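Source file: start08.cif. Holds: mmCIF, C-alpha atoms.
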```
data_coords
loop_
_atom_site.label_atom_id
_atom_site.label_comp_id
_atom_site.auth_asym_id
_atom_site.auth_seq_id
_atom_site.Cartn_x
_atom_site.Cartn_y
_atom_site.Cartn_z
CA MET H 109 74.51 107.79 92.29
CA GLY H 110 73.52 110.21 89.52
CA GLN H 111 73.59 110.20 85.74
CA THR H 112 76.49 108.25 84.30
CA THR H 113 78.73 109.95 81.75
CA GLY H 114 81.12 107.48 80.16
CA GLN H 115 82.85 105.49 82.94
CA PHE H 116 81.86 107.86 85.76
CA SER H 117 78.63 109.27 87.09
CA GLN H 118 78.32 113.02 87.43
CA GLU H 119 78.57 112.58 91.20
CA GLU H 120 81.87 110.69 90.78
CA LYS H 121 83.23 113.33 88.43
CA ILE H 122 82.66 115.97 91.10
CA ARG H 123 83.90 113.74 93.94
CA TYR H 124 87.25 113.03 92.27
CA ALA H 125 87.69 116.37 90.48
CA ARG H 126 90.72 117.46 92.52
CA GLN H 127 92.50 114.22 91.61
CA THR H 128 91.59 113.99 87.96
CA ILE H 129 92.94 117.47 87.20
CA LEU H 130 96.40 116.18 88.12
CA PRO H 131 98.23 115.49 84.84
CA MET H 132 99.62 112.16 86.08
CA ILE H 133 96.19 110.95 87.24
CA GLY H 134 93.55 112.26 84.86
CA GLN H 135 90.54 110.23 83.76
CA GLU H 136 92.74 107.24 82.93
CA GLY H 137 94.30 107.13 86.38
CA GLN H 138 90.92 107.55 88.05
CA LEU H 139 89.57 104.66 85.98
CA ARG H 140 92.53 102.55 87.08
CA LEU H 141 91.64 103.32 90.69
CA LYS H 142 87.99 102.48 90.08
CA ASN H 143 88.91 99.11 88.56
CA ALA H 144 91.50 98.28 91.23
CA ARG H 145 91.02 95.63 93.91
CA VAL H 146 93.04 96.13 97.11
CA LEU H 147 93.14 93.70 100.06
CA PHE H 148 93.90 94.91 103.58
CA VAL H 149 95.25 92.21 105.87
CA GLY H 150 94.31 93.76 109.20
CA ALA H 151 91.75 96.49 109.90
CA GLY H 152 93.54 97.99 112.89
CA GLY H 153 96.19 100.65 113.36
CA LEU H 154 98.13 100.21 110.13
CA GLY H 155 95.02 99.39 108.12
CA SER H 156 92.93 102.37 109.23
CA SER H 157 94.46 105.39 107.51
CA PRO H 158 95.24 103.77 104.13
CA ALA H 159 91.76 102.22 103.97
CA ILE H 160 90.18 105.63 104.59
CA TYR H 161 92.28 107.39 101.96
CA LEU H 162 92.01 104.69 99.31
CA ALA H 163 88.24 104.56 99.75
CA ALA H 164 88.15 108.34 99.44
CA ALA H 165 90.42 108.19 96.39
CA GLY H 166 87.94 105.93 94.61
CA VAL H 167 89.54 102.48 94.72
CA GLY H 168 86.72 100.35 93.35
CA THR H 169 87.00 97.25 95.54
CA ILE H 170 88.49 97.03 99.01
CA GLY H 171 88.88 93.74 100.86
CA LEU H 172 89.19 93.62 104.66
CA ILE H 173 90.35 90.50 106.47
CA ASP H 174 90.55 90.59 110.28
CA ALA H 175 89.21 88.20 112.91
CA ASP H 176 89.40 90.59 115.86
CA LEU H 177 86.81 92.62 117.73
CA VAL H 178 87.31 96.29 118.57
CA SER H 179 88.62 96.84 122.09
CA LEU H 180 89.02 100.01 124.14
CA SER H 181 92.82 99.99 123.81
CA ASN H 182 92.50 100.05 120.01
CA ILE H 183 90.78 103.42 119.80
CA HIS H 184 93.82 105.67 120.32
CA ARG H 185 95.35 104.60 116.99
CA GLN H 186 92.76 102.61 115.01
CA ILE H 187 90.84 105.56 113.65
CA LEU H 188 88.45 103.44 111.60
CA HIS H 189 86.76 102.52 114.87
CA HIS H 190 84.87 104.60 117.43
CA THR H 191 84.18 104.05 121.11
CA SER H 192 80.68 102.87 120.22
CA ASP H 193 82.25 100.04 118.18
CA ILE H 194 83.85 98.30 121.18
CA ASP H 195 83.19 94.53 121.09
CA ARG H 196 82.04 94.69 117.46
CA PRO H 197 83.94 92.92 114.64
CA LYS H 198 86.55 95.23 113.16
CA VAL H 199 85.60 94.35 109.60
CA ILE H 200 81.98 95.37 110.21
CA SER H 201 82.99 98.62 111.90
CA ALA H 202 85.43 99.38 109.08
CA TYR H 203 82.85 98.52 106.42
CA GLU H 204 80.41 101.07 107.83
CA LYS H 205 82.99 103.87 108.06
CA LEU H 206 84.35 103.33 104.56
CA LYS H 207 80.87 103.17 103.04
CA ALA H 208 80.04 106.42 104.80
CA ILE H 209 83.12 108.03 103.24
CA ASN H 210 82.45 106.71 99.73
CA PRO H 211 79.30 104.71 98.94
CA ASN H 212 80.68 103.96 95.45
CA VAL H 213 83.31 101.57 96.85
CA ASN H 214 82.60 97.83 96.87
CA ILE H 215 83.79 96.41 100.20
CA ILE H 216 84.33 92.68 100.80
CA THR H 217 84.81 91.53 104.40
CA TYR H 218 86.40 88.37 105.79
CA GLN H 219 85.97 87.95 109.53
CA GLU H 220 88.78 85.43 109.85
CA ARG H 221 92.57 85.20 110.00
CA LEU H 222 94.70 84.96 106.90
CA GLN H 223 96.17 81.47 107.07
CA ALA H 224 98.11 79.09 104.84
CA ASP H 225 94.92 77.29 103.82
CA ASN H 226 93.03 80.41 102.70
CA ALA H 227 95.70 82.96 101.73
CA LEU H 228 96.02 82.05 98.06
CA ALA H 229 92.28 81.91 97.47
CA ILE H 230 91.59 85.25 99.19
CA ALA H 231 94.62 87.23 98.04
CA GLY H 232 94.38 85.77 94.54
CA SER H 233 91.26 87.79 93.74
CA PHE H 234 92.95 91.15 94.48
CA ASP H 235 95.51 93.21 92.58
CA LEU H 236 97.69 94.17 95.51
CA ILE H 237 97.83 93.53 99.25
CA ILE H 238 98.43 96.04 102.04
CA ASP H 239 100.05 94.63 105.15
CA GLY H 240 98.23 95.90 108.22
CA THR H 241 99.34 93.09 110.52
CA ASP H 242 101.08 93.29 113.87
CA ASN H 243 102.97 89.99 113.92
CA LEU H 244 105.83 88.45 111.98
CA PRO H 245 104.34 85.03 111.12
CA SER H 246 101.43 86.71 109.32
CA ARG H 247 103.81 89.04 107.49
CA TYR H 248 105.90 86.16 106.20
CA LEU H 249 102.71 84.41 105.11
CA ILE H 250 101.65 87.52 103.15
CA ASN H 251 105.08 87.74 101.55
CA ASP H 252 105.10 84.10 100.49
CA ALA H 253 101.52 84.17 99.19
CA CYS H 254 102.20 87.32 97.14
CA PHE H 255 105.36 85.79 95.71
CA PHE H 256 103.49 82.69 94.54
CA LEU H 257 100.64 84.82 93.19
CA LYS H 258 103.03 87.32 91.54
CA LYS H 259 101.30 90.23 93.25
CA PRO H 260 102.84 93.21 95.05
CA PHE H 261 102.42 93.74 98.76
CA ILE H 262 102.94 97.02 100.54
CA PHE H 263 104.71 96.50 103.82
CA GLY H 264 104.21 98.63 106.91
CA GLY H 265 105.78 98.07 110.30
CA ILE H 266 105.62 100.02 113.55
CA PHE H 267 107.52 99.86 116.82
CA GLN H 268 107.01 102.43 119.57
CA PHE H 269 108.05 105.75 117.90
CA GLU H 270 109.36 104.23 114.66
CA GLY H 271 107.70 103.15 111.45
CA GLN H 272 108.82 101.45 108.24
CA CYS H 273 107.38 101.18 104.75
CA SER H 274 108.41 99.35 101.59
CA VAL H 275 106.97 97.62 98.51
CA PHE H 276 107.75 93.99 97.72
CA ALA H 277 106.78 93.35 94.12
CA PRO H 278 107.28 90.67 91.47
CA LYS H 279 110.85 90.62 90.10
CA GLY H 280 112.03 92.75 93.01
CA PRO H 281 113.48 91.63 96.34
CA CYS H 282 110.99 89.97 98.68
CA TYR H 283 110.56 90.49 102.41
CA ARG H 284 112.81 87.49 103.12
CA CYS H 285 115.66 89.04 101.13
CA PHE H 286 116.03 91.70 103.82
CA PHE H 287 114.49 90.21 106.97
CA ARG H 288 115.88 86.68 106.96
CA ASP H 289 116.97 86.44 110.61
CA ILE H 290 114.24 85.67 113.11
CA PRO H 291 114.17 88.06 116.09
CA PRO H 292 113.67 86.72 119.60
CA PRO H 293 110.14 86.90 121.05
CA ASP H 294 110.87 89.96 123.17
CA GLU H 295 111.64 91.93 119.99
CA MET H 296 108.30 91.05 118.41
CA PRO H 297 105.83 93.92 119.04
CA SER H 298 102.82 91.63 119.22
CA CYS H 299 104.50 89.51 121.86
CA ALA H 300 106.33 92.01 124.04
CA GLN H 301 103.42 94.51 124.07
CA THR H 302 105.89 97.35 123.74
CA GLY H 303 103.32 99.95 122.78
CA VAL H 304 103.13 102.55 120.03
CA ILE H 305 102.22 106.21 119.79
CA GLY H 306 98.98 106.46 117.86
CA VAL H 307 100.14 108.78 115.07
CA VAL H 308 102.90 106.45 113.84
CA PRO H 309 100.63 103.80 112.28
CA GLY H 310 98.65 106.68 110.77
CA ILE H 311 101.77 108.17 109.16
CA ILE H 312 103.03 104.83 107.88
CA GLY H 313 99.54 103.91 106.72
CA LEU H 314 99.41 107.07 104.63
CA MET H 315 102.74 106.07 103.08
CA GLN H 316 101.18 102.71 102.20
CA ALA H 317 98.18 104.43 100.62
CA ASN H 318 100.50 106.63 98.58
CA GLU H 319 102.42 103.58 97.35
CA ALA H 320 99.15 101.87 96.43
CA ILE H 321 98.03 104.84 94.32
CA LYS H 322 101.41 104.95 92.55
CA LEU H 323 101.26 101.23 91.76
CA ILE H 324 97.65 101.32 90.58
CA CYS H 325 98.12 104.42 88.41
CA ALA H 326 101.60 103.37 87.24
CA ILE H 327 103.14 106.71 88.23
CA GLY H 328 106.15 107.86 90.23
CA GLU H 329 108.77 105.62 91.79
CA PRO H 330 107.33 102.94 94.10
CA LEU H 331 109.39 101.87 97.10
CA VAL H 332 110.54 98.64 95.41
CA GLY H 333 114.00 97.77 96.70
CA ARG H 334 113.84 100.62 99.21
CA LEU H 335 112.84 100.67 102.88
CA VAL H 336 111.83 104.04 104.32
CA ILE H 337 112.23 104.46 108.09
CA PHE H 338 110.51 107.22 110.06
CA ASP H 339 111.55 108.34 113.55
CA ALA H 340 108.67 110.22 115.17
CA LEU H 341 110.83 111.60 117.98
CA THR H 342 113.22 113.41 115.65
CA SER H 343 110.95 113.66 112.59
CA HIS H 344 113.83 112.21 110.59
CA TRP H 345 113.35 110.00 107.53
CA ARG H 346 116.00 107.69 106.18
CA GLU H 347 116.14 105.17 103.38
CA VAL H 348 117.77 101.75 103.22
CA LYS H 349 118.38 99.92 99.95
CA ILE H 350 117.10 96.36 99.71
CA LYS H 351 118.86 94.09 97.23
CA LYS H 352 117.56 90.82 95.87
CA ASP H 353 119.29 88.01 97.77
CA PRO H 354 120.47 85.16 95.50
CA GLN H 355 120.39 82.89 98.57
CA CYS H 356 116.83 83.84 99.56
CA PRO H 357 114.94 80.63 100.44
CA LEU H 358 111.86 81.92 98.58
CA CYS H 359 112.93 84.00 95.57
CA GLY H 360 116.61 83.04 95.29
CA SER H 361 118.27 80.92 92.65
CA ASN H 362 117.82 77.71 94.65
CA PRO H 363 114.60 78.17 96.63
CA THR H 364 113.72 75.81 99.46
CA ILE H 365 110.21 77.17 100.09
CA HIS H 366 107.69 75.88 97.57
CA THR H 367 104.36 75.98 99.42
CA LEU H 368 102.65 78.10 102.04
CA GLN H 369 103.13 77.04 105.64
CA GLU H 370 102.07 78.26 109.05
CA TYR H 371 105.14 79.24 111.02
CA THR H 372 105.98 79.74 114.66
CA TRP H 373 109.09 81.44 115.92
CA GLN H 374 111.44 79.60 118.26
CA CYS H 375 114.55 81.42 119.40
CA SER H 376 117.44 80.08 121.43
CA LYS H 377 120.32 82.04 122.87
CA GLU H 378 122.78 80.57 120.38
CA GLU H 379 120.83 80.86 117.13
CA ASN H 380 117.61 82.27 115.78
CA THR H 381 115.80 79.79 113.54
CA MET H 382 112.44 79.50 111.89
CA GLN H 383 110.89 76.06 112.12
CA LYS H 384 107.71 74.48 110.96
CA PRO H 385 105.81 73.91 114.21
CA SER H 386 105.12 70.45 115.48
CA PRO H 387 101.43 69.85 116.20
CA ILE H 388 100.22 71.21 119.52
CA GLN H 389 97.08 70.31 121.39
CA GLU H 390 94.46 73.03 121.55
CA MET H 391 91.38 73.63 123.63
CA THR H 392 88.55 76.14 123.42
CA VAL H 393 87.64 78.37 126.35
CA ARG H 394 84.34 76.51 126.73
CA GLU H 395 86.20 73.21 127.01
CA LEU H 396 88.54 74.81 129.56
CA LYS H 397 85.59 76.10 131.57
CA LYS H 398 84.01 72.64 131.68
CA LEU H 399 87.32 71.13 132.78
CA ARG H 400 87.86 73.75 135.51
CA ASP H 401 84.36 73.13 136.83
CA GLN H 402 85.39 69.51 137.33
CA LYS H 403 88.99 70.16 138.42
CA PRO H 404 89.40 73.70 139.79
CA ASP H 405 93.13 73.28 140.56
CA ILE H 406 94.43 72.59 137.03
CA TYR H 407 97.66 74.39 136.12
CA LEU H 408 96.67 77.43 134.07
CA LEU H 409 99.69 79.25 132.65
CA ASP H 410 99.36 82.92 131.64
CA VAL H 411 102.25 83.90 129.32
CA ARG H 412 101.31 87.58 128.86
CA GLU H 413 103.39 90.43 130.23
CA GLU H 414 102.99 91.87 133.75
CA ASP H 415 101.32 95.07 132.56
CA GLU H 416 98.66 92.97 130.81
CA TRP H 417 98.23 90.87 133.96
CA ASP H 418 97.57 94.08 135.89
CA ILE H 419 94.76 94.98 133.47
CA ALA H 420 92.99 91.62 133.31
CA ARG H 421 93.57 88.14 134.66
CA ILE H 422 91.88 84.77 135.11
CA LYS H 423 91.64 83.79 138.76
CA GLY H 424 93.97 80.97 139.71
CA ALA H 425 96.33 81.37 136.76
CA HIS H 426 100.13 81.41 137.11
CA LEU H 427 101.94 84.28 135.38
CA LYS H 428 105.13 83.49 133.46
CA PRO H 429 105.66 85.92 130.56
CA LEU H 430 106.79 84.37 127.30
CA SER H 431 109.67 86.87 127.14
CA THR H 432 111.25 85.25 130.23
CA LEU H 433 109.87 81.72 129.97
CA GLU H 434 113.17 80.18 128.86
CA GLU H 435 114.74 81.26 132.16
CA ASP H 436 111.70 80.66 134.36
CA PHE H 437 109.94 77.41 133.54
CA LYS H 438 111.59 74.75 135.70
CA ASP H 439 109.08 75.04 138.54
CA ILE H 440 106.19 74.27 136.17
CA PRO H 441 105.14 70.72 137.05
CA LYS H 442 105.81 68.02 134.46
CA ASP H 443 103.51 65.44 135.99
CA GLU H 444 100.25 67.21 135.16
CA PRO H 445 98.69 68.92 132.12
CA ILE H 446 99.59 72.56 131.49
CA TYR H 447 97.01 74.89 129.94
CA CYS H 448 98.63 77.96 128.30
CA PHE H 449 96.89 81.18 127.35
CA CYS H 450 97.76 84.75 126.36
CA LYS H 451 95.71 87.58 124.90
CA VAL H 452 94.43 85.82 121.78
CA GLY H 453 96.43 82.58 121.47
CA GLY H 454 99.59 83.38 119.52
CA ARG H 455 102.14 83.69 122.31
CA SER H 456 100.63 80.77 124.20
CA ALA H 457 101.09 78.59 121.10
CA MET H 458 104.80 79.48 121.15
CA ALA H 459 104.93 78.75 124.88
CA ALA H 460 103.32 75.35 124.30
CA GLN H 461 105.90 74.62 121.59
CA PHE H 462 108.72 75.61 123.92
CA LEU H 463 107.47 73.54 126.84
CA GLY H 464 107.02 70.58 124.50
CA SER H 465 110.67 70.90 123.47
CA GLN H 466 111.61 70.76 127.18
CA GLY H 467 109.91 67.42 127.76
CA TYR H 468 106.42 68.53 128.80
CA SER H 469 104.12 65.96 127.22
CA GLN H 470 100.73 67.37 128.23
CA VAL H 471 100.58 71.00 127.11
CA PHE H 472 97.44 72.65 125.71
CA ASN H 473 97.05 75.99 123.98
CA ILE H 474 93.81 77.85 124.80
CA LYS H 475 92.40 79.17 121.53
CA GLY H 476 91.36 82.81 121.65
CA GLY H 477 93.14 83.44 124.96
CA ILE H 478 91.81 85.75 127.64
CA GLN H 479 89.81 87.72 125.07
CA ALA H 480 87.76 84.64 124.22
CA TRP H 481 87.41 83.87 127.94
CA SER H 482 86.05 87.39 128.51
CA GLU H 483 83.68 87.18 125.53
CA GLU H 484 82.34 83.68 126.13
CA ILE H 485 82.85 82.83 129.81
CA ASP H 486 83.40 85.82 132.12
CA PRO H 487 82.34 89.26 130.81
CA SER H 488 83.55 90.89 134.03
CA ILE H 489 87.14 90.50 132.79
CA PRO H 490 88.04 93.70 130.92
CA ARG H 491 89.03 93.50 127.26
CA TYR H 492 92.05 95.58 126.26
#
```
Using structure tokens, write down the structure that the file contains.
Amino acid sequence: MGQTTGQFSQEEKIRYARQTILPMIGQEGQLRLKNARVLFVGAGGLGSSPAIYLAAAGVGTIGLIDADLVSLSNIHRQILHHTSDIDRPKVISAYEKLKAINPNVNIITYQERLQADNALAIAGSFDLIIDGTDNLPSRYLINDACFFLKKPFIFGGIFQFEGQCSVFAPKGPCYRCFFRDIPPPDEMPSCAQTGVIGVVPGIIGLMQANEAIKLICAIGEPLVGRLVIFDALTSHWREVKIKKDPQCPLCGSNPTIHTLQEYTWQCSKEENTMQKPSPIQEMTVRELKKLRDQKPDIYLLDVREEDEWDIARIKGAHLKPLSTLEEDFKDIPKDEPIYCFCKVGGRSAMAAQFLGSQGYSQVFNIKGGIQAWSEEIDPSIPRY
């Protein structure tokens, strides 16, 4: 990369010149960036813009953890990926783009989900974590892991035309201090498929990148104890203070959470509660295919939304969206096995939990959902 002068090659000195002339960055700040290790949980909409800018800024090591493949419906907001990347792993696509932007950056990829059994080991080797997820269980897992590891995580959330950003750091309030109540499934963006305008994750992602640079370089005022909310329709920004909650089950004075757990979200009309899930039976799409070849009339339950059903469906399945399942499940037969699926397996796991609580004893969750069915069984089904 050129002759090295001190800590930086001549090429790096030129590359970062417009940053290092800033009095609050300088050579020391640039060296902090070069030595920093940042983990992105999710290489999609929220992860795209901050990964691009932090790679360009010279962050020395970037980690990318994401199990998904690029799909056509990703492209309008996930700017790390191009149309030619469809059906490729997101971490591989992202690796190539970031290396093209800055070959000096070391990029570590994990083509898997962040889970309770790997979160501490993976996140523990990084300095800070950027939340690029699209579901609440993963976000709570990130929060808890970072609390136990005493590492900051930079939160980003998006919903239709609105975005949010904050920093949850050691000694400050944690995510649970502010978001303790569990919303019903139809308020969870990953479940209700409510949509988002593509620029919002880009804007919030840039906020996350800015917070990361401030934390790494120890400059400015990070968004610790503050939640910034952006409304794209009015272009208004507002700020909400977040106070440390003495009753927080994780960081409060009498914590009840001491280890990482996988969570599911079960909501009733009377009370929203978070519960550790009871074990559910799971089945791969290949096992389902073999079973359907033997018994074509098994009860296959699709718990996606109607607009998703219109895009892609498995022949013979019964549609009952998770968002209305509590009011519309009584005609599902109890005397035969029920095989639940959704897009990738998250909503169907919640549906299986719910049906189990209603006395259904033979309920199976199809791992990977209709995406896995399209990839492994029937390529004629469109991926979205």
Neighbour residues at most 12 Å from (90.0, 106.0, 103.6) (only C-alpha atoms) as a PyMOL selection string: chain H and resi 148+151+154-167+170+187-188+202-211+213+215+310+313-314+316-318
Just the selected residues (C-alpha atoms), exported as a PDB file, in the coordinates of the input, please.
```pdb
ATOM      1  CA  PHE H 148      93.900  94.910 103.580  1.00  0.00           C
ATOM      2  CA  ALA H 151      91.750  96.490 109.900  1.00  0.00           C
ATOM      3  CA  LEU H 154      98.130 100.210 110.130  1.00  0.00           C
ATOM      4  CA  GLY H 155      95.020  99.390 108.120  1.00  0.00           C
ATOM      5  CA  SER H 156      92.930 102.370 109.230  1.00  0.00           C
ATOM      6  CA  SER H 157      94.460 105.390 107.510  1.00  0.00           C
ATOM      7  CA  PRO H 158      95.240 103.770 104.130  1.00  0.00           C
ATOM      8  CA  ALA H 159      91.760 102.220 103.970  1.00  0.00           C
ATOM      9  CA  ILE H 160      90.180 105.630 104.590  1.00  0.00           C
ATOM     10  CA  TYR H 161      92.280 107.390 101.960  1.00  0.00           C
ATOM     11  CA  LEU H 162      92.010 104.690  99.310  1.00  0.00           C
ATOM     12  CA  ALA H 163      88.240 104.560  99.750  1.00  0.00           C
ATOM     13  CA  ALA H 164      88.150 108.340  99.440  1.00  0.00           C
ATOM     14  CA  ALA H 165      90.420 108.190  96.390  1.00  0.00           C
ATOM     15  CA  GLY H 166      87.940 105.930  94.610  1.00  0.00           C
ATOM     16  CA  VAL H 167      89.540 102.480  94.720  1.00  0.00           C
ATOM     17  CA  ILE H 170      88.490  97.030  99.010  1.00  0.00           C
ATOM     18  CA  ILE H 187      90.840 105.560 113.650  1.00  0.00           C
ATOM     19  CA  LEU H 188      88.450 103.440 111.600  1.00  0.00           C
ATOM     20  CA  ALA H 202      85.430  99.380 109.080  1.00  0.00           C
ATOM     21  CA  TYR H 203      82.850  98.520 106.420  1.00  0.00           C
ATOM     22  CA  GLU H 204      80.410 101.070 107.830  1.00  0.00           C
ATOM     23  CA  LYS H 205      82.990 103.870 108.060  1.00  0.00           C
ATOM     24  CA  LEU H 206      84.350 103.330 104.560  1.00  0.00           C
ATOM     25  CA  LYS H 207      80.870 103.170 103.040  1.00  0.00           C
ATOM     26  CA  ALA H 208      80.040 106.420 104.800  1.00  0.00           C
ATOM     27  CA  ILE H 209      83.120 108.030 103.240  1.00  0.00           C
ATOM     28  CA  ASN H 210      82.450 106.710  99.730  1.00  0.00           C
ATOM     29  CA  PRO H 211      79.300 104.710  98.940  1.00  0.00           C
ATOM     30  CA  VAL H 213      83.310 101.570  96.850  1.00  0.00           C
ATOM     31  CA  ILE H 215      83.790  96.410 100.200  1.00  0.00           C
ATOM     32  CA  GLY H 310      98.650 106.680 110.770  1.00  0.00           C
ATOM     33  CA  GLY H 313      99.540 103.910 106.720  1.00  0.00           C
ATOM     34  CA  LEU H 314      99.410 107.070 104.630  1.00  0.00           C
ATOM     35  CA  GLN H 316     101.180 102.710 102.200  1.00  0.00           C
ATOM     36  CA  ALA H 317      98.180 104.430 100.620  1.00  0.00           C
ATOM     37  CA  ASN H 318     100.500 106.630  98.580  1.00  0.00           C
TER      38      ASN H 318
END
```
Picked residues, the PyMOL selection byres ((chain H and resi 467) around 12), expected as a list in words: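 Applying the PyMOL selection byres ((chain H and resi 467) around 12) to the structure shown produces Phe437, Lys438, Ile440, Pro441, Lys442, Asp443, Ala460, Gln461, Phe462, Leu463, Gly464, Ser465, Gln466, Tyr468, Ser469, Gln470 and Val471 of chain H.
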Shell of 10 Å around Ser233 (chain H), all atoms listed in the file, local chain residues under 5 positions omitted, as a PyMOL selection string: chain H and resi 145-147+171+228+257
Among the residues H:Glu370, H:Glu414, H:Asp353, H:Glu270, the one that comes closest to Tyr283 (chain H) [using all atoms listed in the file]: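 Smallest separation from Tyr283 (chain H) among the options: H:Asp353.
What separates CA of Gln272 (chain H) from CA of Val307 (chain H) is a distance of 13.3 Å.
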Best match for closeness to Asn243 (chain H) among H:Arg394, H:Pro429, H:Gly454, H:Pro281, counting all atoms listed in the file: H:Gly454
Separation of CA of Lys258 (chain H) from CA of Ser361 (chain H) in Å: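 If I compute the distance from CA of Ser361 (chain H) to CA of Lys258 (chain H), I get 16.6 Å.
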Point-to-point distance in Å for CA of Phe234 (chain H) and CA of Gly264 (chain H): 18.4 Å
Counting only C-alpha atoms, what is within 10 Å of Thr367 (chain H), bar same-chain residues fewer than 5 positions away, as a compact mmCIF listing (two decimals) with C-alpha atoms, keeping the file's coordinate frame?
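Dumped to part_24.txt:
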```txt
# COMPACT_ATOMS: atom_id res chain seq x y z
CA ALA H 224 98.11 79.09 104.84
CA ASP H 252 105.10 84.10 100.49
CA ALA H 253 101.52 84.17 99.19
CA PHE H 256 103.49 82.69 94.54
CA LEU H 358 111.86 81.92 98.58
```
The PyMOL selection byres ((chain H and resi 489) around 8) applied to the shown file, residues as a list in words: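 Taken on the displayed file, the PyMOL selection byres ((chain H and resi 489) around 8) yields the residues Ala420, Arg421, Ile422, Ser482, Asp486, Pro487, Ser488, Pro490 and Arg491 of chain H.
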Where does the PyMOL selection byres ((chain H and resi 278) around 10) land in this file, that is, which residues does it pick, as a CSV table (one decimal) with C-alpha atoms, in the frame of the given file?
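Just written: part-v6.csv:
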```
chain,number,residue,atom,x,y,z
H,254,CYS,CA,102.2,87.3,97.1
H,255,PHE,CA,105.4,85.8,95.7
H,256,PHE,CA,103.5,82.7,94.5
H,257,LEU,CA,100.6,84.8,93.2
H,258,LYS,CA,103.0,87.3,91.5
H,259,LYS,CA,101.3,90.2,93.2
H,260,PRO,CA,102.8,93.2,95.0
H,261,PHE,CA,102.4,93.7,98.8
H,275,VAL,CA,107.0,97.6,98.5
H,276,PHE,CA,107.8,94.0,97.7
H,277,ALA,CA,106.8,93.4,94.1
H,279,LYS,CA,110.8,90.6,90.1
H,280,GLY,CA,112.0,92.8,93.0
H,281,PRO,CA,113.5,91.6,96.3
H,282,CYS,CA,111.0,90.0,98.7
H,332,VAL,CA,110.5,98.6,95.4
H,359,CYS,CA,112.9,84.0,95.6
```
Long-range neighbours of Glu395 (chain H) as a list in words, 12 Å cut-off, all atoms listed in the file, 4 positions minimum in chain: Glu390, Met391, Leu399, Arg400, Asp401, Gln402, Tyr447, Phe472, Asn473, Ile474, Lys475, Ala480, Trp481, Glu484 and Ile485 of chain H
Nearest residue to Gly168 (chain H) from the set H:Asp195, H:Asp235, H:Glu435, H:Glu444 (distances using all atoms listed in the file): H:Asp235
Proximity to Arg346 (chain H) - best of H:Cys273, H:Arg284, H:Cys448, H:Pro404, only C-alpha atoms: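 Closest residue, counting only C-alpha atoms: H:Cys273.
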